[in-house]
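data_1.cif follows; it contains mmCIF, C-alpha atoms.
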```cif
data_entry
#
loop_
_atom_site.group_PDB
_atom_site.id
_atom_site.type_symbol
_atom_site.label_atom_id
_atom_site.label_comp_id
_atom_site.auth_asym_id
_atom_site.auth_seq_id
_atom_site.Cartn_x
_atom_site.Cartn_y
_atom_site.Cartn_z
ATOM 1 C CA MET A 1 -34.277 -7.666 0.995
ATOM 2 C CA SER A 2 -31.238 -6.022 2.601
ATOM 3 C CA ALA A 3 -29.876 -2.619 1.668
ATOM 4 C CA GLU A 4 -26.861 -4.369 0.179
ATOM 5 C CA SER A 5 -29.099 -6.530 -2.022
ATOM 6 C CA ILE A 6 -31.055 -3.507 -3.203
ATOM 7 C CA GLN A 7 -27.854 -1.666 -4.044
ATOM 8 C CA ALA A 8 -26.674 -4.635 -6.099
ATOM 9 C CA TYR A 9 -29.431 -3.758 -8.587
ATOM 10 C CA ASP A 10 -29.203 0.009 -8.189
ATOM 11 C CA LEU A 11 -26.680 0.786 -10.912
ATOM 12 C CA PRO A 12 -26.919 4.591 -10.642
ATOM 13 C CA GLY A 13 -26.274 4.282 -6.911
ATOM 14 C CA ARG A 14 -23.259 2.080 -7.499
ATOM 15 C CA VAL A 15 -21.830 4.520 -10.050
ATOM 16 C CA ALA A 16 -22.280 7.329 -7.501
ATOM 17 C CA ASN A 17 -20.552 5.289 -4.773
ATOM 18 C CA TYR A 18 -17.692 4.363 -7.098
ATOM 19 C CA ASP A 19 -17.261 8.001 -8.118
ATOM 20 C CA ALA A 20 -17.283 9.118 -4.490
ATOM 21 C CA ASP A 21 -14.443 6.688 -3.713
ATOM 22 C CA MET A 22 -12.494 7.764 -6.779
ATOM 23 C CA ASP A 23 -12.877 11.433 -5.916
ATOM 24 C CA LEU A 24 -11.488 10.719 -2.462
ATOM 25 C CA MET A 25 -8.514 8.745 -3.713
ATOM 26 C CA HIS A 26 -7.971 10.234 -7.178
ATOM 27 C CA PRO A 27 -9.408 13.758 -7.379
ATOM 28 C CA ASN A 28 -7.026 14.555 -10.225
ATOM 29 C CA ARG A 29 -8.850 12.200 -12.589
ATOM 30 C CA HIS A 30 -11.045 15.109 -13.729
ATOM 31 C CA LYS A 31 -7.969 17.087 -14.782
ATOM 32 C CA MET A 32 -6.453 13.978 -16.351
ATOM 33 C CA ALA A 33 -9.529 13.303 -18.495
ATOM 34 C CA GLU A 34 -9.644 16.968 -19.505
ATOM 35 C CA THR A 35 -5.968 16.783 -20.498
ATOM 36 C CA ILE A 36 -6.604 13.841 -22.818
ATOM 37 C CA GLU A 37 -9.618 15.602 -24.332
ATOM 38 C CA SER A 38 -7.597 18.783 -24.855
ATOM 39 C CA VAL A 39 -4.717 17.006 -26.592
ATOM 40 C CA LEU A 40 -7.124 15.340 -29.009
ATOM 41 C CA ALA A 41 -8.989 18.622 -29.564
ATOM 42 C CA VAL A 42 -5.891 20.509 -30.733
ATOM 43 C CA SER A 43 -4.272 17.695 -32.709
ATOM 44 C CA GLY A 44 -6.045 18.074 -36.056
ATOM 45 C CA ALA A 45 -9.454 16.808 -37.079
ATOM 46 C CA PRO A 46 -11.727 15.702 -34.216
ATOM 47 C CA PRO A 47 -11.359 11.967 -33.532
ATOM 48 C CA ARG A 48 -14.057 9.737 -34.982
ATOM 49 C CA LEU A 49 -12.943 6.378 -33.536
ATOM 50 C CA ALA A 50 -11.213 5.780 -30.207
ATOM 51 C CA ILE A 51 -10.401 2.625 -28.273
ATOM 52 C CA ASP A 52 -10.755 2.930 -24.495
ATOM 53 C CA ILE A 53 -8.651 0.294 -22.723
ATOM 54 C CA GLY A 54 -10.100 -0.606 -19.332
ATOM 55 C CA THR A 55 -13.109 1.674 -19.573
ATOM 56 C CA GLY A 56 -14.302 0.909 -16.034
ATOM 57 C CA THR A 57 -17.438 2.922 -15.266
ATOM 58 C CA GLY A 58 -16.984 5.022 -18.399
ATOM 59 C CA PHE A 59 -15.580 8.159 -16.751
ATOM 60 C CA LEU A 60 -13.068 8.946 -19.516
ATOM 61 C CA ALA A 61 -15.435 7.789 -22.266
ATOM 62 C CA ASN A 62 -18.086 10.151 -20.938
ATOM 63 C CA CYS A 63 -15.686 13.090 -21.150
ATOM 64 C CA LEU A 64 -14.647 12.294 -24.723
ATOM 65 C CA LEU A 65 -18.138 11.565 -26.021
ATOM 66 C CA GLY A 66 -19.332 14.874 -24.619
ATOM 67 C CA ALA A 67 -16.472 16.761 -26.276
ATOM 68 C CA PHE A 68 -16.616 15.116 -29.709
ATOM 69 C CA PRO A 69 -20.172 14.635 -31.044
ATOM 70 C CA ASP A 70 -19.073 12.438 -33.964
ATOM 71 C CA LEU A 71 -16.864 10.171 -31.886
ATOM 72 C CA ARG A 72 -17.491 6.440 -31.621
ATOM 73 C CA ILE A 73 -15.710 4.500 -28.868
ATOM 74 C CA ILE A 74 -14.807 0.851 -28.555
ATOM 75 C CA ALA A 75 -14.845 0.440 -24.769
ATOM 76 C CA ILE A 76 -13.052 -2.598 -23.376
ATOM 77 C CA ASP A 77 -13.209 -3.935 -19.859
ATOM 78 C CA GLY A 78 -12.609 -7.324 -18.295
ATOM 79 C CA ALA A 79 -15.685 -7.157 -16.043
ATOM 80 C CA GLN A 80 -19.286 -7.247 -17.226
ATOM 81 C CA GLN A 81 -20.247 -5.452 -14.014
ATOM 82 C CA MET A 82 -18.081 -2.476 -14.954
ATOM 83 C CA VAL A 83 -19.571 -2.407 -18.443
ATOM 84 C CA ASP A 84 -23.056 -2.340 -16.903
ATOM 85 C CA LEU A 85 -22.030 0.623 -14.747
ATOM 86 C CA ALA A 86 -20.550 2.395 -17.775
ATOM 87 C CA ARG A 87 -23.790 1.974 -19.734
ATOM 88 C CA THR A 88 -25.660 3.501 -16.813
ATOM 89 C CA ARG A 89 -23.280 6.445 -16.531
ATOM 90 C CA LEU A 90 -23.340 7.202 -20.261
ATOM 91 C CA GLY A 91 -27.100 7.003 -20.716
ATOM 92 C CA PRO A 92 -27.997 8.129 -24.267
ATOM 93 C CA LEU A 93 -24.295 8.552 -25.113
ATOM 94 C CA ALA A 94 -23.944 4.760 -24.884
ATOM 95 C CA ARG A 95 -25.456 4.556 -28.372
ATOM 96 C CA ARG A 96 -22.060 5.639 -29.675
ATOM 97 C CA VAL A 97 -20.167 3.013 -27.700
ATOM 98 C CA ASP A 98 -19.351 -0.566 -28.671
ATOM 99 C CA PHE A 99 -18.791 -2.301 -25.327
ATOM 100 C CA ARG A 100 -16.581 -5.385 -25.354
ATOM 101 C CA VAL A 101 -15.878 -7.586 -22.354
ATOM 102 C CA GLY A 102 -12.483 -9.225 -22.478
ATOM 103 C CA ASP A 103 -8.858 -9.212 -21.380
ATOM 104 C CA PHE A 104 -7.258 -6.127 -22.904
ATOM 105 C CA ARG A 105 -3.940 -7.948 -22.990
ATOM 106 C CA ASP A 106 -5.499 -9.590 -26.067
ATOM 107 C CA LEU A 107 -6.248 -6.284 -27.745
ATOM 108 C CA GLU A 108 -5.650 -7.653 -31.246
ATOM 109 C CA THR A 109 -8.442 -10.205 -30.885
ATOM 110 C CA LEU A 110 -10.802 -7.629 -29.381
ATOM 111 C CA CYS A 111 -10.195 -4.815 -31.899
ATOM 112 C CA GLY A 112 -8.081 -6.138 -34.750
ATOM 113 C CA ASN A 113 -10.839 -5.944 -37.373
ATOM 114 C CA ASP A 114 -12.160 -2.456 -36.659
ATOM 115 C CA GLY A 115 -9.999 -0.365 -38.911
ATOM 116 C CA PRO A 116 -7.486 2.279 -37.830
ATOM 117 C CA ALA A 117 -8.446 4.275 -34.759
ATOM 118 C CA ASP A 118 -7.745 7.971 -34.306
ATOM 119 C CA ALA A 119 -6.834 7.457 -30.648
ATOM 120 C CA VAL A 120 -6.228 4.738 -28.116
ATOM 121 C CA VAL A 121 -6.809 5.944 -24.561
ATOM 122 C CA SER A 122 -6.747 4.477 -21.093
ATOM 123 C CA ALA A 123 -7.303 5.621 -17.515
ATOM 124 C CA TYR A 124 -6.267 3.818 -14.317
ATOM 125 C CA ALA A 125 -5.948 0.438 -16.024
ATOM 126 C CA LEU A 126 -2.472 -0.258 -17.381
ATOM 127 C CA HIS A 127 -0.721 -0.029 -13.995
ATOM 128 C CA HIS A 128 -2.180 -3.470 -13.266
ATOM 129 C CA LEU A 129 0.138 -4.956 -15.918
ATOM 130 C CA SER A 130 3.795 -5.869 -15.711
ATOM 131 C CA SER A 131 6.178 -3.873 -17.906
ATOM 132 C CA HIS A 132 6.359 -6.809 -20.320
ATOM 133 C CA GLU A 133 2.573 -7.061 -20.563
ATOM 134 C CA LYS A 134 2.247 -3.311 -20.945
ATOM 135 C CA LEU A 135 4.758 -3.298 -23.798
ATOM 136 C CA HIS A 136 2.780 -6.012 -25.575
ATOM 137 C CA VAL A 137 -0.479 -4.044 -25.222
ATOM 138 C CA LEU A 138 1.127 -0.822 -26.416
ATOM 139 C CA ARG A 139 2.671 -2.502 -29.452
ATOM 140 C CA THR A 140 -0.764 -3.794 -30.367
ATOM 141 C CA ALA A 141 -2.282 -0.353 -29.753
ATOM 142 C CA HIS A 142 0.337 1.156 -32.054
ATOM 143 C CA GLY A 143 -0.773 -1.189 -34.824
ATOM 144 C CA LEU A 144 -4.440 -0.300 -34.328
ATOM 145 C CA LEU A 145 -3.857 3.443 -34.804
ATOM 146 C CA ARG A 146 -3.815 5.441 -38.020
ATOM 147 C CA LEU A 147 -0.624 7.317 -38.805
ATOM 148 C CA GLY A 148 -0.622 10.407 -36.617
ATOM 149 C CA GLY A 149 -3.014 8.831 -34.111
ATOM 150 C CA TRP A 150 -2.452 9.323 -30.385
ATOM 151 C CA PHE A 151 -1.972 6.894 -27.546
ATOM 152 C CA LEU A 152 -2.800 8.701 -24.282
ATOM 153 C CA ASN A 153 -2.679 7.151 -20.823
ATOM 154 C CA ALA A 154 -3.870 8.645 -17.536
ATOM 155 C CA ASP A 155 -2.512 6.462 -14.780
ATOM 156 C CA LEU A 156 -0.585 5.934 -11.578
ATOM 157 C CA THR A 157 3.166 6.341 -11.600
ATOM 158 C CA LEU A 158 6.053 6.030 -9.188
ATOM 159 C CA ALA A 159 8.402 8.887 -8.392
ATOM 160 C CA GLU A 160 11.936 9.030 -9.769
ATOM 161 C CA ASP A 161 13.510 7.281 -6.757
ATOM 162 C CA ASP A 162 12.482 5.583 -3.528
ATOM 163 C CA GLU A 163 12.996 8.653 -1.332
ATOM 164 C CA LEU A 164 10.826 10.824 -3.568
ATOM 165 C CA ASP A 165 8.242 8.074 -3.805
ATOM 166 C CA ALA A 166 7.969 7.947 -0.017
ATOM 167 C CA ILE A 167 7.335 11.695 0.008
ATOM 168 C CA THR A 168 4.664 11.500 -2.697
ATOM 169 C CA GLN A 169 2.989 8.627 -0.848
ATOM 170 C CA HIS A 170 2.818 10.787 2.295
ATOM 171 C CA LEU A 171 1.302 13.608 0.243
ATOM 172 C CA ARG A 172 -1.223 11.196 -1.239
ATOM 173 C CA VAL A 173 -2.302 9.804 2.153
ATOM 174 C CA ARG A 174 -2.481 13.282 3.691
ATOM 175 C CA GLY A 175 -4.735 14.464 0.881
ATOM 176 C CA ILE A 176 -7.110 11.508 1.245
ATOM 177 C CA VAL A 177 -7.437 12.015 5.007
ATOM 178 C CA GLN A 178 -8.157 15.704 4.505
ATOM 179 C CA ARG A 179 -10.805 15.068 1.843
ATOM 180 C CA ALA A 180 -12.480 12.336 3.911
ATOM 181 C CA ASP A 181 -12.664 14.808 6.814
ATOM 182 C CA GLY A 182 -13.538 12.116 9.344
ATOM 183 C CA HIS A 183 -16.624 10.897 7.466
ATOM 184 C CA ASP A 184 -15.173 7.590 6.220
ATOM 185 C CA PRO A 185 -13.684 5.099 8.726
ATOM 186 C CA ARG A 186 -11.394 3.661 6.026
ATOM 187 C CA PHE A 187 -9.641 7.030 5.934
ATOM 188 C CA ALA A 188 -10.023 8.103 9.550
ATOM 189 C CA ASP A 189 -6.323 8.877 9.944
ATOM 190 C CA VAL A 190 -2.954 8.345 8.293
ATOM 191 C CA SER A 191 -2.481 4.815 9.639
ATOM 192 C CA ALA A 192 -5.939 3.586 8.589
ATOM 193 C CA THR A 193 -5.538 5.129 5.143
ATOM 194 C CA ARG A 194 -2.113 3.607 4.650
ATOM 195 C CA ARG A 195 -3.444 0.159 5.585
ATOM 196 C CA PHE A 196 -6.393 0.518 3.221
ATOM 197 C CA LEU A 197 -4.181 1.581 0.301
ATOM 198 C CA ASP A 198 -1.625 -1.166 0.959
ATOM 199 C CA ASP A 199 -4.373 -3.809 0.979
ATOM 200 C CA LEU A 200 -5.973 -2.338 -2.140
ATOM 201 C CA GLU A 201 -2.719 -2.195 -4.093
ATOM 202 C CA ARG A 202 -1.789 -5.722 -3.051
ATOM 203 C CA ASN A 203 -5.199 -7.157 -3.958
ATOM 204 C CA GLU A 204 -5.300 -5.361 -7.304
ATOM 205 C CA ARG A 205 -1.662 -6.220 -8.051
ATOM 206 C CA ASP A 206 -0.709 -2.642 -8.824
ATOM 207 C CA GLN A 207 2.574 -2.384 -10.727
ATOM 208 C CA PRO A 208 3.162 1.310 -11.517
ATOM 209 C CA VAL A 209 6.547 2.250 -12.962
ATOM 210 C CA ARG A 210 8.816 5.263 -12.830
ATOM 211 C CA PRO A 211 8.265 8.053 -15.395
ATOM 212 C CA VAL A 212 11.386 7.214 -17.377
ATOM 213 C CA GLU A 213 10.238 3.585 -17.662
ATOM 214 C CA ASP A 214 6.790 4.677 -18.823
ATOM 215 C CA LEU A 215 8.299 6.672 -21.680
ATOM 216 C CA ARG A 216 10.780 3.912 -22.493
ATOM 217 C CA ILE A 217 7.950 1.410 -22.946
ATOM 218 C CA LEU A 218 6.136 3.835 -25.253
ATOM 219 C CA GLN A 219 9.258 4.298 -27.314
ATOM 220 C CA GLU A 220 9.939 0.571 -27.542
ATOM 221 C CA ALA A 221 6.317 0.055 -28.635
ATOM 222 C CA GLY A 222 7.016 2.304 -31.633
ATOM 223 C CA PHE A 223 5.553 5.654 -30.588
ATOM 224 C CA SER A 224 7.225 9.007 -31.258
ATOM 225 C CA HIS A 225 6.880 12.554 -29.868
ATOM 226 C CA LEU A 226 6.675 11.078 -26.395
ATOM 227 C CA THR A 227 5.861 13.385 -23.543
ATOM 228 C CA THR A 228 4.265 13.792 -20.142
ATOM 229 C CA PHE A 229 1.382 16.226 -20.609
ATOM 230 C CA TRP A 230 0.478 16.455 -16.939
ATOM 231 C CA ARG A 231 1.776 15.084 -13.665
ATOM 232 C CA GLU A 232 1.136 15.510 -9.953
ATOM 233 C CA THR A 233 2.504 13.304 -7.146
ATOM 234 C CA ARG A 234 1.743 9.704 -8.231
ATOM 235 C CA GLU A 235 -0.451 10.375 -11.280
ATOM 236 C CA SER A 236 0.364 11.416 -14.823
ATOM 237 C CA VAL A 237 -0.896 11.709 -18.387
ATOM 238 C CA VAL A 238 1.634 10.471 -20.915
ATOM 239 C CA GLY A 239 1.327 10.009 -24.639
ATOM 240 C CA GLY A 240 2.877 9.445 -28.006
ATOM 241 C CA ILE A 241 2.017 9.464 -31.699
ATOM 242 C CA ARG A 242 2.085 6.631 -34.193
#
```
Final structure tokens representation of the file:
Amino acid sequence: MSAESIQAYDLPGRVANYDADMDLMHPNRHKMAETIESVLAVSGAPPRLAIDIGTGTGFLANCLLGAFPDLRIIAIDGAQQMVDLARTRLGPLARRVDFRVGDFRDLETLCGNDGPADAVVSAYALHHLSSHEKLHVLRTAHGLLRLGGWFLNADLTLAEDDELDAITQHLRVRGIVQRADGHDPRFADVSATRRFLDDLERNERDQPVRPVEDLRILQEAGFSHLTTFWRETRESVVGGIR
């Protein structure tokens, strides 16, 4: 059996590899998850039910479950493989998670009968949607929340204009090359890194929007007290209250 075949069944190894890639490309995700946890921690009673849209390998869920011992999470992802990785990451914490595999654009079908949630959260998922699709998901999320519940999204964003976006892209690539430090051929230099990111964003159909558009969609979905809690280069944490 090849090393690749062995790794296909080595879920802890795959979580570690995924995390290593994410830490190279998105080191701010730790701060972003902490920001979401902090907002929920200071916003009244600790949350007891949260919906995690696009849970991936459970990085954000892990942060929230560790912070709130009475929290239960409905974790949604479109890929069974990601759900398997999330279960592995969470270990005993997975007992407090209801994993659901499905298209989160159909959030009503996936979560419509679960009662009002205290929070709907997401990390690195909604930028795959068009603005129209994102609005639809956020309107549904609004309806799934209790009054006073938070929607919080940690995700990619564009800069305010094309010139600023070009600068932030250069900063992003420079940071990846520095963190890789010559140990990863995908990120050997600026040109290789730029090619890798362009291919990745094209294949994953990334559709991030400008900050003003992000907040506009939240407002149109019905949320109030809209704000950007944290932002650096092409990543931000935005939120609003039902």
List the spatial neighbours of Thr35 in chain A as a list of chain:residue names - criterion: any atom at most 9 Å away, all atoms listed in the file, same-chain residues fewer than 4 positions off excluded.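 Residues meeting the cut-off are A:His30, A:Lys31, A:Val39, A:Leu40, A:Ala154, A:Phe229, A:Trp230, A:Val237.
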Answer as number ranges by chain, residues within 7 Å of (4.0, 9.9, -7.9) using all atoms listed in the file: A: 157-159, 165, 168, 232-235
Pick from A:Gln81, A:Asn62, A:Ser122, A:Ser130 nearest to Gln207 in chain A, counting only C-alpha atoms: A:Ser130
Nearest to Arg186 in chain A among A:Ala33, A:Leu200, A:Leu156, A:Leu147, with distances taken over all atoms listed in the file: which residue is it? A:Leu200
Picked residues, the PyMOL selection byres ((chain A and resi 64) around 10), as a list of chain:residue names: A:Ala33, A:Glu34, A:Ile36, A:Glu37, A:Ser38, A:Leu40, A:Ala41, A:Pro47, A:Ala50, A:Gly58, A:Phe59, A:Leu60, A:Ala61, A:Asn62, A:Cys63, A:Leu65, A:Gly66, A:Ala67, A:Phe68, A:Pro69, A:Leu71, A:Arg72, A:Ile73
